[in-house]
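**Student:** File follows, final-v6.pdb with PDB, C-alpha atoms and all ligand atoms:
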```pdb
ATOM      1  CA  ALA A1128     344.933-130.903 243.502
ATOM      2  CA  ARG A1129     346.576-128.363 241.241
ATOM      3  CA  ALA A1130     344.751-125.623 243.072
ATOM      4  CA  SER A1131     345.862-126.805 246.494
ATOM      5  CA  ALA A1132     349.496-127.265 245.367
ATOM      6  CA  LEU A1133     349.567-123.719 244.094
ATOM      7  CA  ALA A1134     348.009-122.485 247.292
ATOM      8  CA  GLU A1135     350.670-124.206 249.371
ATOM      9  CA  SER A1136     353.603-122.926 247.351
ATOM     10  CA  ALA A1137     352.213-119.390 247.641
ATOM     11  CA  GLY A1138     352.496-119.332 251.434
ATOM     12  CA  PRO A1139     350.846-117.005 253.909
ATOM     13  CA  GLY A1140     350.969-113.218 253.617
ATOM     14  CA  ALA A1141     353.731-111.435 255.528
ATOM     15  CA  THR A1142     356.039-108.458 255.243
ATOM     16  CA  LYS A1143     359.745-108.984 254.559
ATOM     17  CA  ASP A1144     360.453-108.923 258.306
ATOM     18  CA  GLY A1145     357.773-111.497 259.069
ATOM     19  CA  HIS A1146     354.837-109.353 260.205
ATOM     20  CA  ARG A1147     351.853-111.560 259.342
ATOM     21  CA  VAL A1148     349.052-110.123 257.230
ATOM     22  CA  PRO A1149     346.504-112.793 256.284
ATOM     23  CA  LEU A1150     345.579-112.498 252.613
ATOM     24  CA  LEU A1151     341.957-113.374 251.992
ATOM     25  CA  ALA A1152     339.591-113.512 249.041
ATOM     26  CA  ASN A1153     336.442-111.597 248.202
ATOM     27  CA  ILE A1154     333.821-113.997 246.893
ATOM     28  CA  GLY A1155     330.208-113.893 245.782
ATOM     29  CA  GLY A1156     329.435-117.555 246.480
ATOM     30  CA  PRO A1157     330.694-121.153 246.306
ATOM     31  CA  LYS A1158     331.478-120.767 242.590
ATOM     32  CA  ASP A1159     334.341-118.373 243.441
ATOM     33  CA  VAL A1160     336.064-120.707 245.898
ATOM     34  CA  GLU A1161     338.204-122.454 243.302
ATOM     35  CA  ALA A1162     339.855-119.242 242.090
ATOM     36  CA  ALA A1163     340.425-118.160 245.692
ATOM     37  CA  LEU A1164     342.217-121.425 246.508
ATOM     38  CA  ALA A1165     344.165-121.377 243.237
ATOM     39  CA  ASN A1166     345.554-117.963 244.149
ATOM     40  CA  GLY A1167     346.531-119.003 247.660
ATOM     41  CA  ALA A1168     343.780-117.298 249.669
ATOM     42  CA  GLU A1169     344.169-118.074 253.378
ATOM     43  CA  GLY A1170     340.439-117.759 253.796
ATOM     44  CA  VAL A1171     337.574-115.516 252.783
ATOM     45  CA  GLY A1172     337.602-111.892 253.945
ATOM     46  CA  LEU A1173     334.353-110.875 252.274
ATOM     47  CA  TYR A1174     331.563-113.231 251.263
ATOM     48  CA  ARG A1175     329.031-110.978 249.535
ATOM     49  CA  THR A1176     325.861-112.924 250.309
ATOM     50  CA  GLU A1177     323.513-110.681 248.339
ATOM     51  CA  PHE A1178     324.122-112.712 245.165
ATOM     52  CA  LEU A1179     322.068-115.467 246.791
ATOM     53  CA  PHE A1180     319.162-113.020 247.077
ATOM     54  CA  LEU A1181     319.346-111.125 243.773
ATOM     55  CA  ASP A1182     317.018-111.698 240.827
ATOM     56  CA  ARG A1183     314.345-113.621 242.653
ATOM     57  CA  ALA A1184     310.821-112.976 243.838
ATOM     58  CA  ALA A1185     311.260-114.412 247.348
ATOM     59  CA  PRO A1186     314.215-114.852 249.703
ATOM     60  CA  PRO A1187     316.185-118.101 249.427
ATOM     61  CA  SER A1188     314.965-120.822 251.785
ATOM     62  CA  ASP A1189     316.820-121.466 255.033
ATOM     63  CA  ALA A1190     318.093-124.761 253.615
ATOM     64  CA  GLU A1191     319.373-123.113 250.445
ATOM     65  CA  GLN A1192     321.225-120.477 252.440
ATOM     66  CA  GLU A1193     322.702-123.022 254.807
ATOM     67  CA  GLU A1194     324.003-125.112 251.913
ATOM     68  CA  ALA A1195     325.712-122.169 250.198
ATOM     69  CA  TYR A1196     327.391-121.068 253.433
ATOM     70  CA  ARG A1197     328.483-124.583 254.347
ATOM     71  CA  LYS A1198     330.130-125.113 250.952
ATOM     72  CA  VAL A1199     332.312-122.065 251.472
ATOM     73  CA  LEU A1200     333.156-122.929 255.096
ATOM     74  CA  GLU A1201     334.137-126.452 254.101
ATOM     75  CA  ALA A1202     336.553-125.110 251.473
ATOM     76  CA  PHE A1203     338.693-123.444 254.162
ATOM     77  CA  PRO A1204     338.865-125.991 256.999
ATOM     78  CA  GLU A1205     341.796-124.215 258.638
ATOM     79  CA  GLY A1206     341.010-120.661 257.603
ATOM     80  CA  ARG A1207     338.529-117.987 258.426
ATOM     81  CA  VAL A1208     335.420-117.119 256.443
ATOM     82  CA  VAL A1209     334.076-113.602 256.932
ATOM     83  CA  VAL A1210     330.455-113.491 255.826
ATOM     84  CA  ARG A1211     328.734-110.195 255.268
ATOM     85  CA  THR A1212     325.024-110.159 255.936
ATOM     86  CA  LEU A1213     322.738-108.997 253.174
ATOM     87  CA  ASP A1214     323.886-105.704 251.639
ATOM     88  CA  ALA A1215     320.829-104.927 249.526
ATOM     89  CA  GLY A1216     319.734-101.577 248.188
ATOM     90  CA  ALA A1217     321.487 -98.834 246.187
ATOM     91  CA  ASP A1218     323.651-100.586 243.545
ATOM     92  CA  LYS A1219     322.216-103.999 244.621
ATOM     93  CA  PRO A1220     318.386-103.648 244.609
ATOM     94  CA  LEU A1221     316.286-106.642 245.676
ATOM     95  CA  ALA A1222     312.940-107.318 244.038
ATOM     96  CA  PHE A1223     311.322-108.675 247.216
ATOM     97  CA  LEU A1224     312.655-105.980 249.558
ATOM     98  CA  PRO A1225     311.998-102.653 247.863
ATOM     99  CA  PRO A1226     312.782 -99.474 249.807
ATOM    100  CA  PRO A1227     309.741 -98.005 251.569
ATOM    101  CA  GLY A1228     309.494 -95.058 249.177
ATOM    102  CA  GLU A1229     311.052 -93.313 246.204
ATOM    103  CA  GLU A1230     314.795 -92.776 246.757
ATOM    104  CA  PRO A1231     316.266 -89.888 244.776
ATOM    105  CA  ASN A1232     319.749 -90.803 246.065
ATOM    106  CA  PRO A1233     319.813 -94.600 246.516
ATOM    107  CA  ALA A1234     323.417 -94.591 247.733
ATOM    108  CA  LEU A1235     322.186 -92.510 250.661
ATOM    109  CA  GLY A1236     319.055 -94.559 251.074
ATOM    110  CA  GLU A1237     317.897 -97.689 252.811
ATOM    111  CA  ARG A1238     320.679-100.149 252.134
ATOM    112  CA  GLY A1239     322.777-102.654 254.035
ATOM    113  CA  LEU A1240     322.048-102.871 257.748
ATOM    114  CA  ARG A1241     319.437-100.136 257.367
ATOM    115  CA  MET A1242     317.266-102.592 255.475
ATOM    116  CA  SER A1243     317.902-105.283 258.097
ATOM    117  CA  LEU A1244     316.656-102.875 260.762
ATOM    118  CA  ARG A1245     313.316-102.675 258.952
ATOM    119  CA  HIS A1246     313.256-106.420 258.175
ATOM    120  CA  PRO A1247     314.846-108.072 261.225
ATOM    121  CA  ASP A1248     313.194-111.355 260.225
ATOM    122  CA  VAL A1249     315.321-111.551 257.061
ATOM    123  CA  LEU A1250     318.494-110.881 259.080
ATOM    124  CA  ALA A1251     317.511-113.393 261.769
ATOM    125  CA  ALA A1252     316.915-116.125 259.179
ATOM    126  CA  GLN A1253     320.299-115.448 257.612
ATOM    127  CA  LEU A1254     322.094-115.534 260.962
ATOM    128  CA  ARG A1255     320.371-118.802 261.908
ATOM    129  CA  ALA A1256     321.395-120.360 258.588
ATOM    130  CA  LEU A1257     324.990-119.231 259.168
ATOM    131  CA  ALA A1258     325.054-120.695 262.681
ATOM    132  CA  ARG A1259     323.721-124.019 261.396
ATOM    133  CA  ALA A1260     326.187-124.071 258.484
ATOM    134  CA  SER A1261     329.076-123.440 260.829
ATOM    135  CA  ALA A1262     328.147-126.282 263.210
ATOM    136  CA  GLY A1263     330.234-129.276 262.226
ATOM    137  CA  THR A1264     332.719-127.321 260.101
ATOM    138  CA  THR A1265     336.160-126.299 261.334
ATOM    139  CA  ALA A1266     336.573-122.970 259.529
ATOM    140  CA  LYS A1267     336.382-119.920 261.752
ATOM    141  CA  LEU A1268     333.111-118.173 260.856
ATOM    142  CA  GLN A1269     333.069-114.411 261.318
ATOM    143  CA  VAL A1270     329.907-112.468 260.537
ATOM    144  CA  MET A1271     329.747-108.753 259.814
ATOM    145  CA  ALA A1272     327.158-106.153 258.882
ATOM    146  CA  PRO A1273     327.398-103.693 255.970
ATOM    147  CA  MET A1274     326.683 -99.943 255.993
ATOM    148  CA  VAL A1275     326.831 -99.409 259.734
ATOM    149  CA  THR A1276     326.769 -95.756 260.784
ATOM    150  CA  ASP A1277     327.012 -95.608 264.563
ATOM    151  CA  ALA A1278     327.449 -97.528 267.799
ATOM    152  CA  ALA A1279     323.688 -98.052 268.212
ATOM    153  CA  GLU A1280     323.520 -99.899 264.899
ATOM    154  CA  ALA A1281     326.613-101.923 265.798
ATOM    155  CA  ALA A1282     324.976-102.846 269.121
ATOM    156  CA  PHE A1283     321.761-103.899 267.343
ATOM    157  CA  PHE A1284     323.735-106.171 265.044
ATOM    158  CA  ALA A1285     325.728-107.664 267.924
ATOM    159  CA  ARG A1286     322.467-108.417 269.774
ATOM    160  CA  GLU A1287     320.933-110.135 266.748
ATOM    161  CA  CYS A1288     324.092-112.222 266.322
ATOM    162  CA  GLY A1289     323.972-113.175 269.981
ATOM    163  CA  LYS A1290     320.371-114.384 269.649
ATOM    164  CA  ALA A1291     321.436-116.655 266.779
ATOM    165  CA  GLY A1292     324.414-118.013 268.723
ATOM    166  CA  ILE A1293     327.034-116.218 266.618
ATOM    167  CA  ASP A1294     329.799-114.761 268.726
ATOM    168  CA  ALA A1295     332.433-112.126 268.043
ATOM    169  CA  PRO A1296     330.462-110.238 265.341
ATOM    170  CA  GLY A1297     331.977-107.413 263.328
ATOM    171  CA  VAL A1298     330.963-104.415 261.274
ATOM    172  CA  MET A1299     332.118-102.915 258.042
ATOM    173  CA  ILE A1300     333.570 -99.449 258.227
ATOM    174  CA  GLU A1301     332.368 -97.785 255.044
ATOM    175  CA  VAL A1302     330.474 -94.757 256.309
ATOM    176  CA  PRO A1303     332.719 -91.818 257.288
ATOM    177  CA  ALA A1304     330.749 -91.312 260.525
ATOM    178  CA  ALA A1305     331.641 -94.850 261.584
ATOM    179  CA  ALA A1306     335.317 -94.307 260.793
ATOM    180  CA  LEU A1307     335.455 -91.031 262.691
ATOM    181  CA  ARG A1308     333.838 -92.629 265.759
ATOM    182  CA  ALA A1309     335.527 -96.021 265.373
ATOM    183  CA  GLY A1310     336.240 -96.173 269.106
ATOM    184  CA  ASP A1311     332.509 -96.111 269.900
ATOM    185  CA  LEU A1312     331.824 -98.965 267.483
ATOM    186  CA  ALA A1313     334.824-100.958 268.723
ATOM    187  CA  SER A1314     333.222-101.260 272.144
ATOM    188  CA  GLU A1315     330.229-103.053 270.586
ATOM    189  CA  VAL A1316     331.878-105.550 268.214
ATOM    190  CA  ALA A1317     334.928-107.795 267.898
ATOM    191  CA  PHE A1318     336.341-106.741 264.525
ATOM    192  CA  PHE A1319     336.176-104.238 261.687
ATOM    193  CA  SER A1320     336.485-104.604 257.942
ATOM    194  CA  ILE A1321     336.934-101.392 256.001
ATOM    195  CA  GLY A1322     335.004-101.172 252.732
ATOM    196  CA  THR A1323     337.108 -98.666 250.856
ATOM    197  CA  ASN A1324     334.774 -98.602 247.851
ATOM    198  CA  ASP A1325     331.916 -97.103 249.799
ATOM    199  CA  LEU A1326     334.148 -95.247 252.251
ATOM    200  CA  THR A1327     335.681 -93.420 249.277
ATOM    201  CA  GLN A1328     332.290 -92.816 247.675
ATOM    202  CA  TYR A1329     330.971 -91.213 250.843
ATOM    203  CA  ALA A1330     334.142 -89.377 251.853
ATOM    204  CA  CYS A1331     334.472 -87.757 248.433
ATOM    205  CA  ALA A1332     330.729 -87.443 247.754
ATOM    206  CA  ALA A1333     331.257 -89.186 244.421
ATOM    207  CA  ASP A1334     328.711 -91.828 243.374
ATOM    208  CA  ARG A1335     330.635 -95.039 242.620
ATOM    209  CA  GLN A1336     328.260 -95.796 239.752
ATOM    210  CA  ILE A1337     329.125 -92.621 237.853
ATOM    211  CA  GLY A1338     332.160 -93.389 235.715
ATOM    212  CA  GLY A1339     332.922 -89.728 235.075
ATOM    213  CA  LEU A1340     333.729 -89.283 238.775
ATOM    214  CA  ALA A1341     336.411 -91.993 238.832
ATOM    215  CA  HIS A1342     339.137 -89.467 239.718
ATOM    216  CA  LEU A1343     337.268 -88.807 242.981
ATOM    217  CA  GLN A1344     336.543 -92.499 243.539
ATOM    218  CA  ASP A1345     340.219 -92.958 244.388
ATOM    219  CA  PRO A1346     341.139 -94.583 247.709
ATOM    220  CA  TRP A1347     344.527 -92.856 247.505
ATOM    221  CA  GLN A1348     342.728 -89.633 248.430
ATOM    222  CA  PRO A1349     344.515 -88.542 251.625
ATOM    223  CA  ALA A1350     341.106 -87.939 253.225
ATOM    224  CA  VAL A1351     340.281 -91.624 252.787
ATOM    225  CA  LEU A1352     343.591 -92.623 254.394
ATOM    226  CA  ASP A1353     342.742 -90.249 257.252
ATOM    227  CA  LEU A1354     339.512 -92.232 257.781
ATOM    228  CA  VAL A1355     341.272 -95.601 257.618
ATOM    229  CA  ALA A1356     343.750 -94.582 260.323
ATOM    230  CA  PRO A1357     341.298 -94.201 263.262
ATOM    231  CA  ALA A1358     339.489 -97.420 262.340
ATOM    232  CA  ALA A1359     342.786 -99.321 262.250
ATOM    233  CA  ALA A1360     343.796 -97.823 265.603
ATOM    234  CA  ALA A1361     340.513 -98.475 267.444
ATOM    235  CA  GLY A1362     341.732-101.588 269.241
ATOM    236  CA  VAL A1363     339.920-104.374 267.382
ATOM    237  CA  PRO A1364     341.366-106.377 264.452
ATOM    238  CA  CYS A1365     340.729-104.329 261.338
ATOM    239  CA  GLY A1366     340.855-105.715 257.807
ATOM    240  CA  VAL A1367     340.275-104.022 254.481
ATOM    241  CA  CYS A1368     338.019-105.673 251.908
ATOM    242  CA  GLY A1369     337.505-102.904 249.344
ATOM    243  CA  GLU A1370     339.321-102.682 246.009
ATOM    244  CA  ALA A1371     342.135-100.740 247.708
ATOM    245  CA  ALA A1372     343.393-103.966 249.303
ATOM    246  CA  GLY A1373     344.186-105.351 245.840
ATOM    247  CA  ASP A1374     346.483-102.464 244.842
ATOM    248  CA  PRO A1375     349.998-103.672 245.811
ATOM    249  CA  ALA A1376     351.342-100.245 246.849
ATOM    250  CA  LEU A1377     348.158 -99.273 248.667
ATOM    251  CA  ALA A1378     348.083-102.668 250.392
ATOM    252  CA  CYS A1379     351.519-101.849 251.873
ATOM    253  CA  VAL A1380     350.261 -98.414 252.950
ATOM    254  CA  LEU A1381     347.185 -99.961 254.607
ATOM    255  CA  VAL A1382     349.406-102.369 256.538
ATOM    256  CA  GLY A1383     351.509 -99.368 257.537
ATOM    257  CA  LEU A1384     348.338 -97.726 258.877
ATOM    258  CA  GLY A1385     347.753-100.742 261.129
ATOM    259  CA  VAL A1386     345.354-102.828 259.089
ATOM    260  CA  THR A1387     345.581-106.497 260.155
ATOM    261  CA  SER A1388     344.324-108.418 257.082
ATOM    262  CA  LEU A1389     343.614-107.746 253.422
ATOM    263  CA  SER A1390     340.829-109.213 251.316
ATOM    264  CA  MET A1391     340.626-108.819 247.560
ATOM    265  CA  SER A1392     339.480-110.406 244.332
ATOM    266  CA  ALA A1393     341.427-113.632 243.822
ATOM    267  CA  PRO A1394     343.615-112.568 240.862
ATOM    268  CA  SER A1395     345.133-109.734 242.953
ATOM    269  CA  LEU A1396     346.394-112.062 245.701
ATOM    270  CA  PRO A1397     349.765-113.060 244.164
ATOM    271  CA  LEU A1398     350.755-109.455 243.397
ATOM    272  CA  VAL A1399     349.864-108.219 246.860
ATOM    273  CA  ARG A1400     351.613-111.189 248.465
ATOM    274  CA  ALA A1401     354.783-110.363 246.500
ATOM    275  CA  ALA A1402     354.592-106.635 247.307
ATOM    276  CA  LEU A1403     354.283-107.285 251.044
ATOM    277  CA  SER A1404     357.097-109.839 251.060
ATOM    278  CA  ARG A1405     359.484-107.254 249.584
ATOM    279  CA  HIS A1406     358.935-104.562 252.209
ATOM    280  CA  THR A1407     359.370-104.370 255.958
ATOM    281  CA  LEU A1408     356.647-103.175 258.301
ATOM    282  CA  GLY A1409     358.825-100.098 258.870
ATOM    283  CA  GLN A1410     358.845 -99.310 255.156
ATOM    284  CA  CYS A1411     355.063 -99.764 255.034
ATOM    285  CA  ARG A1412     354.703 -97.323 257.936
ATOM    286  CA  GLU A1413     356.970 -94.771 256.266
ATOM    287  CA  ALA A1414     354.991 -95.078 253.020
ATOM    288  CA  ALA A1415     351.744 -94.631 254.963
ATOM    289  CA  ALA A1416     353.046 -91.518 256.711
ATOM    290  CA  ALA A1417     354.206 -90.060 253.397
ATOM    291  CA  ALA A1418     350.861 -90.762 251.737
ATOM    292  CA  ARG A1419     348.967 -89.057 254.549
ATOM    293  CA  THR A1420     351.253 -86.018 254.336
ATOM    294  CA  ALA A1421     350.441 -85.618 250.627
ATOM    295  CA  ARG A1422     347.767 -83.182 249.528
ATOM    296  CA  THR A1423     346.337 -85.041 246.560
ATOM    297  CA  ALA A1424     345.666 -88.645 245.564
ATOM    298  CA  VAL A1425     348.319 -88.454 242.845
ATOM    299  CA  GLN A1426     350.939 -87.132 245.255
ATOM    300  CA  ALA A1427     350.004 -89.734 247.854
ATOM    301  CA  ARG A1428     350.490 -92.561 245.383
ATOM    302  CA  ASP A1429     353.753 -91.147 244.032
ATOM    303  CA  SER A1430     355.309 -90.514 247.417
ATOM    304  CA  ALA A1431     354.298 -93.935 248.767
ATOM    305  CA  ARG A1432     355.596 -95.722 245.693
ATOM    306  CA  GLY A1433     358.868 -93.836 245.994
ATOM    307  CA  LEU A1434     359.351 -95.417 249.420
ATOM    308  CA  LEU A1435     358.354 -98.907 248.244
ATOM    309  CA  PRO A1436     361.127 -99.760 245.787
ATOM    310  CA  GLY A1437     360.293-103.448 245.477
ATOM    311  CA  LEU A1438     357.116-102.935 243.456
ATOM    312  CA  ASP A1439     356.882-104.186 239.883
TER     313      ASP A1439
HETATM  314  C1  LIG B1501     333.209-101.704 249.864
HETATM  315  O1  LIG B1501     332.281-100.892 249.916
HETATM  316  O2  LIG B1501     334.412-101.384 249.804
HETATM  317  C2  LIG B1501     332.931-103.155 249.877
HETATM  318  C3  LIG B1501     333.880-104.031 250.032
HETATM  319  O3  LIG B1501     331.645-103.555 249.691
HETATM  320  P1  LIG B1501     330.848-103.477 248.296
HETATM  321  O4  LIG B1501     331.851-103.150 247.219
HETATM  322  O5  LIG B1501     330.204-104.815 248.146
HETATM  323  O6  LIG B1501     329.890-102.385 248.559
HETATM  324 MG    MG B1502     330.303-101.486 250.472
END
```
Output the file's structure in the form of structure tokens.
Ligand code: PEP
Ligand code: MG

**Tutor:**
Amino acid sequence: ARASALAESAGPGATKDGHRVPLLANIGGPKDVEAALANGAEGVGLYRTEFLFLDRAAPPSDAEQEEAYRKVLEAFPEGRVVVRTLDAGADKPLAFLPPPGEEPNPALGERGLRMSLRHPDVLAAQLRALARASAGTTAKLQVMAPMVTDAAEAAFFARECGKAGIDAPGVMIEVPAAALRAGDLASEVAFFSIGTNDLTQYACAADRQIGGLAHLQDPWQPAVLDLVAPAAAAGVPCGVCGEAAGDPALACVLVGLGVTSLSMSAPSLPLVRAALSRHTLGQCREAAAAARTARTAVQARDSARGLLPGLD
């Protein structure tokens, strides 16, 4: 009850002039739902399903998957729940689905949808479990694929979703090639969600697992903003679910670039909600333009913040 009262008083995400930006939570499973609700999440923008698959010798049963998905859907009867299909490989290796050979650069290896292409049975089982979990619940289920590179992969995913009875599928935009050719992908799917963690890693060629490269793992890099812009302008709803969405100033910039929803770890929701409510869409657009004009990440952040006076 306390959680739902807090959620109500928080209200939906919007700019000062009333431009709606749904604020959603990133979760790893049903155990994270409570914190999402307590921080006023309007739904789930990224359900990382790989936690269901990690640390085990065999995939979870269909029934086990269905139960986990249903629990999350039932927690947001009036909201949306964006579920990402298995994103295994690289920083999330799976014991029962090893890559076909030695991978000297796992971040550039068989991960995300690439693994689903080699194991379509695993993807099909997951999609069937999602369709069954969604039947009888009122939340809006949206399913998306990770690590999609081109329109052919997006089309493959859309076909698999269709076979399972899941409509309006989406893809994550986290590979620079996908961002640059966002228009091609937009003709295959119904929505995008930008994964700024990987998009930054790949744009700046800086492994996200190497702490010493943190200065390059910065989504304020103007090159990253230049990749967000075409994805946000491609004509399908485009959220952001990477860490960037939880940075209050960057959240305003992303909205200024045309992003339509923001998904973040639950504790960031109140700060981002407050930041948006203190700035108009026009101010967000001006901050976005200033950030893209900058030449470095530091300058981008400074110039955007200078145009967003209502930040703490
Ligand atoms: C991302 O890459 O930004 C993202 C949201 O996915 P993950 O961090 O799970 O790779
Ligand atoms: Mg990612």

**Student:** Between A:Asn1166, A:Gln1426, A:Asn1153, A:Asn1232, which has the minimum distance to Leu1396 (chain A) (counting all atoms listed in the file)?

**Tutor:**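 Nearest to Leu1396 (chain A): A:Asn1166.
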
**Student:** Taking the file as I've supplied it (selection: the PyMOL selection byres (((chain A and resi 1238) around 8) and not hetatm)), which residues are included? Please answer as a list in words.

**Tutor:**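 Written out, the selection comes to Asp1214, Ala1215, Gly1216, Ala1217, Pro1233, Ala1234, Leu1235, Gly1236, Glu1237, Gly1239, Leu1240, Arg1241, Met1242 and Met1274 of chain A.
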
**Student:** Given the file above and the PyMOL selection byres (((chain A and resi 1412) around 10) and not hetatm), which residues are selected, and can you give them as a list in words?

**Tutor:** Cys1379, Val1380, Leu1381, Val1382, Gly1383, Leu1384, Gly1385, Thr1407, Leu1408, Gly1409, Gln1410, Cys1411, Glu1413, Ala1414, Ala1415, Ala1416, Ala1417, Ala1418, Ala1431 and Leu1434 of chain A

**Student:** Write out as a PyMOL selection string each polymer residue whose atoms come within 9 Å of region 1190-1195 of chain A, counting all atoms listed in the file; drop sequence neighbours fewer than 5 positions from it.

**Tutor:** chain A and resi 1156-1157+1179+1200+1253+1255-1261

**Student:** Take the residues from that selection and put them in a file with C-alpha atoms, as a PDB file, in the frame of the given file.

**Tutor:**
```pdb
ATOM      1  CA  GLY A1156     329.435-117.555 246.480  1.00  0.00           C
ATOM      2  CA  PRO A1157     330.694-121.153 246.306  1.00  0.00           C
ATOM      3  CA  LEU A1179     322.068-115.467 246.791  1.00  0.00           C
ATOM      4  CA  LEU A1200     333.156-122.929 255.096  1.00  0.00           C
ATOM      5  CA  GLN A1253     320.299-115.448 257.612  1.00  0.00           C
ATOM      6  CA  ARG A1255     320.371-118.802 261.908  1.00  0.00           C
ATOM      7  CA  ALA A1256     321.395-120.360 258.588  1.00  0.00           C
ATOM      8  CA  LEU A1257     324.990-119.231 259.168  1.00  0.00           C
ATOM      9  CA  ALA A1258     325.054-120.695 262.681  1.00  0.00           C
ATOM     10  CA  ARG A1259     323.721-124.019 261.396  1.00  0.00           C
ATOM     11  CA  ALA A1260     326.187-124.071 258.484  1.00  0.00           C
ATOM     12  CA  SER A1261     329.076-123.440 260.829  1.00  0.00           C
TER      13      SER A1261
END
```

**Student:** So which residues are near ligand LIG 1501 (chain B), meaning at most 10 Å away with all atoms listed in the file counted, given back as a short mmCIF file (atom, residue, chain, number, x, y, z; two decimals) with C-alpha atoms, keeping the file's coordinate frame?

**Tutor:**
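Just written: pocket_25.cif:
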```
data_model
loop_
_atom_site.label_atom_id
_atom_site.label_comp_id
_atom_site.auth_asym_id
_atom_site.auth_seq_id
_atom_site.Cartn_x
_atom_site.Cartn_y
_atom_site.Cartn_z
CA ASN A 1153 336.44 -111.60 248.20
CA ILE A 1154 333.82 -114.00 246.89
CA GLY A 1155 330.21 -113.89 245.78
CA GLY A 1172 337.60 -111.89 253.94
CA LEU A 1173 334.35 -110.88 252.27
CA TYR A 1174 331.56 -113.23 251.26
CA ARG A 1175 329.03 -110.98 249.54
CA THR A 1176 325.86 -112.92 250.31
CA GLU A 1177 323.51 -110.68 248.34
CA ARG A 1211 328.73 -110.20 255.27
CA LEU A 1213 322.74 -109.00 253.17
CA ASP A 1214 323.89 -105.70 251.64
CA ALA A 1215 320.83 -104.93 249.53
CA ALA A 1217 321.49 -98.83 246.19
CA ASP A 1218 323.65 -100.59 243.54
CA LYS A 1219 322.22 -104.00 244.62
CA GLY A 1239 322.78 -102.65 254.04
CA PRO A 1273 327.40 -103.69 255.97
CA MET A 1274 326.68 -99.94 255.99
CA MET A 1299 332.12 -102.92 258.04
CA ILE A 1300 333.57 -99.45 258.23
CA GLU A 1301 332.37 -97.78 255.04
CA VAL A 1302 330.47 -94.76 256.31
CA SER A 1320 336.48 -104.60 257.94
CA ILE A 1321 336.93 -101.39 256.00
CA GLY A 1322 335.00 -101.17 252.73
CA THR A 1323 337.11 -98.67 250.86
CA ASN A 1324 334.77 -98.60 247.85
CA ASP A 1325 331.92 -97.10 249.80
CA LEU A 1326 334.15 -95.25 252.25
CA THR A 1327 335.68 -93.42 249.28
CA GLN A 1328 332.29 -92.82 247.68
CA TYR A 1329 330.97 -91.21 250.84
CA ARG A 1335 330.64 -95.04 242.62
CA PRO A 1346 341.14 -94.58 247.71
CA VAL A 1367 340.28 -104.02 254.48
CA CYS A 1368 338.02 -105.67 251.91
CA GLY A 1369 337.50 -102.90 249.34
CA GLU A 1370 339.32 -102.68 246.01
CA ALA A 1371 342.14 -100.74 247.71
CA ALA A 1372 343.39 -103.97 249.30
CA SER A 1390 340.83 -109.21 251.32
CA MET A 1391 340.63 -108.82 247.56
#
```

**Student:** To one decimal place in Å, what is the distance between CA of Ala1279 (chain A) and CA of Gly1366 (chain A)?

**Tutor:**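 Distance reported for this atom pair: 21.5 Å.
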